[in-house]
Amino acid sequence: MTLAEWQIVGFTAWVAALSTLVILPFGLALAWALARGHWPGKSLVETFVTLPLVMPPVATGLVLLEVFGRRGVFGGFFYNHFNLNIVFTWRAVLLALSVMSLPLLVRSARVAFEEVNPRLEQIARTLGAGPWRVFATITVPLAARGIISGMLLAFARALGEFGATIMVAGNIPGKTQTISLAIFQNVQIGEDASAYRLLGISVVLAFIAVWSSELLLRRKTRTR
């Protein structure tokens with residue numbers, strides 16, 4: 001492994017981990033609302049959240065490019081008020097990874113919340129605990145394995161993201177290039193050895209994340 005390749009691996013792992021942390025609060029809130037709430041438009045929200053899993057990633061990237069470009073609604077706002085560019089920077093990589101991995105976190109956390117016995121939460125409320133305390137001390141701990149499993153799956157998905165990233169962030173070496181983008185570029189220019197080295201690292205990281213997630217789910221099943 002060359003220094004440049006290690007830098008690509010480090011950048012990819014860092015931004016994938018950061019994207020997982022960024023989507024965690026919103027993902028948990030959305031998962032809880034979908035698991036426990038009955039409100040108008042719920043099916044539309046469920047469909048919208050699932051879209052990145054079924055749409056072509058490049059299509060998702062194109063939408064992000066239009067929305068977060070300088071002429072886009074959000075991109076224009078950040079640029080005009082904070083002189084902050086989103087597209088073709090590391091922020092665009094973070095954005096693409098967050099959007100593409102959010103559905104996996106929401107789906108896993110939602111299932112975990114649905115398996116928490118509501119009676120335990122009701123007992124805590126009768127003892128004087130408020131909604132936030134019940135959520136933090138009862139709901140989240142009981143659903144922790146499912147939540148962590150979802151985080152690991154989201155991290156693994158972020159590690160391998162390609163289509164949306166190349167659309168909204170480009171493939172800029174040393175700036176926005178992730179493992180997937182570097183593999184693609186190396187194959188294009190005939191640097192097969194480097195491509196296979198990065199492929200090996202990618203497989204190892206993804207395997208560890210998915211294996212850890214499966215291990216948590218198996219332990220959860222055994223404790224029932």
# chains A, B, ... in the order shown; residues from 1 in each chain; ligands from 1
>>> select_by_dssp(residues="segment 1-196 of chain A", states="helix (DSSP H, G or I)", output="ChimeraX atom specification")
/A:3-36,42-54,57-68,73-82,90-114,118-126,131-142,144-159,163-168,179-189,192-196
>>> residues_around(residues="Gly174 of chain A", least_positions_apart="5", cutoff="10 Å", atoms="only C-alpha atoms", output="list in words")
Ala4, Gln7, Ile8, Phe11 and Trp90 of chain A
>>> write_last_selection(atoms="N, CA, C and O atoms", output="mmCIF file, in the first residue's frame")
data_model
loop_
_atom_site.group_PDB
_atom_site.id
_atom_site.type_symbol
_atom_site.label_atom_id
_atom_site.label_comp_id
_atom_site.auth_asym_id
_atom_site.auth_seq_id
_atom_site.Cartn_x
_atom_site.Cartn_y
_atom_site.Cartn_z
ATOM 1 N N ALA A 4 -0.491 7.341 -0.686
ATOM 2 C CA ALA A 4 -1.696 7.899 -1.293
ATOM 3 C C ALA A 4 -2.895 6.970 -1.095
ATOM 4 O O ALA A 4 -4.015 7.434 -0.846
ATOM 5 N N GLN A 7 -4.121 7.205 2.415
ATOM 6 C CA GLN A 7 -4.858 8.453 2.600
ATOM 7 C C GLN A 7 -6.286 8.326 2.075
ATOM 8 O O GLN A 7 -7.232 8.842 2.687
ATOM 9 N N ILE A 8 -6.436 7.625 0.954
ATOM 10 C CA ILE A 8 -7.776 7.395 0.404
ATOM 11 C C ILE A 8 -8.601 6.545 1.364
ATOM 12 O O ILE A 8 -9.770 6.837 1.630
ATOM 13 N N PHE A 11 -9.498 8.661 4.442
ATOM 14 C CA PHE A 11 -10.541 9.635 4.135
ATOM 15 C C PHE A 11 -11.899 8.957 4.023
ATOM 16 O O PHE A 11 -12.907 9.449 4.555
ATOM 17 N N TRP A 90 -15.512 17.962 0.092
ATOM 18 C CA TRP A 90 -15.717 16.819 0.994
ATOM 19 C C TRP A 90 -17.104 16.856 1.610
ATOM 20 O O TRP A 90 -17.648 15.812 1.995
#
>>> atom_distance(atom1="atom CA of Ala16 of chain A", atom2="atom CA of Thr165 of chain A")
11.9 Å
>>> closest_atom_pairs(of="segment 113-176 of chain A", to="segment 205-211 of chain A", cutoff="8 Å", atoms="only C-alpha atoms", output="JSON lines")
{"residue": "A:Leu152", "atom": "CA", "partner": "A:Ala209", "partner_atom": "CA", "distance": 5.4}
{"residue": "A:Leu153", "atom": "CA", "partner": "A:Val210", "partner_atom": "CA", "distance": 6.1}
{"residue": "A:Phe155", "atom": "CA", "partner": "A:Ala209", "partner_atom": "CA", "distance": 7.3}
{"residue": "A:Ala156", "atom": "CA", "partner": "A:Ala206", "partner_atom": "CA", "distance": 5.2}
{"residue": "A:Leu159", "atom": "CA", "partner": "A:Ala206", "partner_atom": "CA", "distance": 7.2}
{"residue": "A:Gly160", "atom": "CA", "partner": "A:Ala206", "partner_atom": "CA", "distance": 8.0}
>>> write_last_selection(atoms="all heavy atoms", output="mmCIF file, in the first residue's frame")
data_model
loop_
_atom_site.group_PDB
_atom_site.id
_atom_site.type_symbol
_atom_site.label_atom_id
_atom_site.label_comp_id
_atom_site.auth_asym_id
_atom_site.auth_seq_id
_atom_site.Cartn_x
_atom_site.Cartn_y
_atom_site.Cartn_z
ATOM 1 N N LEU A 152 -23.936 0.098 11.823
ATOM 2 C CA LEU A 152 -22.885 -0.649 11.132
ATOM 3 C C LEU A 152 -23.236 -0.871 9.669
ATOM 4 O O LEU A 152 -22.369 -0.758 8.789
ATOM 5 C CB LEU A 152 -22.662 -1.988 11.833
ATOM 6 C CG LEU A 152 -22.019 -1.911 13.217
ATOM 7 C CD1 LEU A 152 -22.072 -3.272 13.911
ATOM 8 C CD2 LEU A 152 -20.574 -1.435 13.110
ATOM 9 N N LEU A 153 -24.500 -1.176 9.396
ATOM 10 C CA LEU A 153 -24.923 -1.349 8.012
ATOM 11 C C LEU A 153 -24.834 -0.036 7.243
ATOM 12 O O LEU A 153 -24.440 -0.014 6.068
ATOM 13 C CB LEU A 153 -26.352 -1.894 7.956
ATOM 14 C CG LEU A 153 -26.540 -3.348 8.400
ATOM 15 C CD1 LEU A 153 -28.020 -3.720 8.380
ATOM 16 C CD2 LEU A 153 -25.748 -4.285 7.499
ATOM 17 N N PHE A 155 -22.767 2.400 7.901
ATOM 18 C CA PHE A 155 -21.336 2.640 7.701
ATOM 19 C C PHE A 155 -20.810 1.809 6.537
ATOM 20 O O PHE A 155 -20.063 2.313 5.685
ATOM 21 C CB PHE A 155 -20.582 2.291 8.980
ATOM 22 C CG PHE A 155 -19.092 2.377 8.861
ATOM 23 C CD1 PHE A 155 -18.453 3.614 8.815
ATOM 24 C CD2 PHE A 155 -18.318 1.227 8.793
ATOM 25 C CE1 PHE A 155 -17.069 3.687 8.698
ATOM 26 C CE2 PHE A 155 -16.941 1.291 8.683
ATOM 27 C CZ PHE A 155 -16.315 2.529 8.632
ATOM 28 N N ALA A 156 -21.205 0.538 6.471
ATOM 29 C CA ALA A 156 -20.769 -0.325 5.372
ATOM 30 C C ALA A 156 -21.282 0.188 4.030
ATOM 31 O O ALA A 156 -20.555 0.162 3.025
ATOM 32 C CB ALA A 156 -21.247 -1.759 5.609
ATOM 33 N N LEU A 159 -19.229 3.146 2.962
ATOM 34 C CA LEU A 159 -17.893 2.775 2.482
ATOM 35 C C LEU A 159 -17.893 2.470 0.987
ATOM 36 O O LEU A 159 -16.930 2.788 0.285
ATOM 37 C CB LEU A 159 -17.371 1.563 3.241
ATOM 38 C CG LEU A 159 -16.897 1.764 4.679
ATOM 39 C CD1 LEU A 159 -16.539 0.415 5.291
ATOM 40 C CD2 LEU A 159 -15.681 2.700 4.717
ATOM 41 N N GLY A 160 -18.962 1.846 0.507
ATOM 42 C CA GLY A 160 -18.981 1.413 -0.884
ATOM 43 C C GLY A 160 -19.755 2.314 -1.822
ATOM 44 O O GLY A 160 -19.937 1.962 -2.992
#
>>> residues_around(residues="Arg107 of chain A", least_positions_apart="5", cutoff="12 Å", atoms="only C-alpha atoms", output="NGL selection string")
:A and (27-35 or 46-47 or 49-50 or 53 or 101-102 or 112-114 or 146-147 or 149-151 or 153-154)
>>> atom_distance(atom1="atom CA of Glu161 of chain A", atom2="atom CA of Glu5 of chain A")
17.3 Å
>>> residues_around(residues="Gly61 of chain A", least_positions_apart="4", cutoff="10 Å", atoms="only C-alpha atoms", output="list in words")
Pro52, Pro56, Pro57, Leu65, Glu66, Val67, Ala92, Leu95, Ala96, Val99, Met100, Phe162, Gly163, Ala164, Thr165, Ile166, Met167, Val168 and Ala169 of chain A
>>> residues_around(residues="Leu198 of chain A", least_positions_apart="4", cutoff="8 Å", atoms="only C-alpha atoms", output="list in words")
Glu5, Val9, Ile179, Ala182, Ile183, Ser194 and Ser202 of chain A
>>> write_last_selection(atoms="N, CA and C atoms", output="short mmCIF file (atom, residue, chain, number, x, y, z; two decimals), in the first residue's frame")
data_model
loop_
_atom_site.label_atom_id
_atom_site.label_comp_id
_atom_site.auth_asym_id
_atom_site.auth_seq_id
_atom_site.Cartn_x
_atom_site.Cartn_y
_atom_site.Cartn_z
N GLU A 5 -2.65 5.67 -1.20
CA GLU A 5 -3.74 4.71 -1.02
C GLU A 5 -4.22 4.70 0.42
N VAL A 9 -7.99 5.49 1.89
CA VAL A 9 -8.68 4.62 2.85
C VAL A 9 -9.07 5.39 4.10
N ILE A 179 -12.61 5.29 -1.74
CA ILE A 179 -12.08 4.01 -2.21
C ILE A 179 -12.74 3.59 -3.52
N ALA A 182 -11.57 5.73 -6.38
CA ALA A 182 -10.18 5.45 -6.70
C ALA A 182 -10.05 4.13 -7.46
N ILE A 183 -10.82 3.12 -7.07
CA ILE A 183 -10.81 1.85 -7.79
C ILE A 183 -11.24 2.06 -9.23
N SER A 194 -3.01 -1.30 -7.93
CA SER A 194 -3.55 -0.38 -6.94
C SER A 194 -5.04 -0.61 -6.74
N SER A 202 -11.30 -2.54 0.95
CA SER A 202 -12.75 -2.29 0.95
C SER A 202 -13.52 -3.52 1.40
#
>>> atom_distance(atom1="atom CA of Asn80 of chain A", atom2="atom CA of Leu64 of chain A")
17.9 Å
>>> closest_residue(among="A:Arg157, A:His38, A:Val22, A:Gly10", to="Leu104 of chain A", atoms="only C-alpha atoms")
A:Arg157
>>> residues_around(residues="Ala193 of chain A", least_positions_apart="6", cutoff="10 Å", atoms="only C-alpha atoms", output="count of residues only")
5
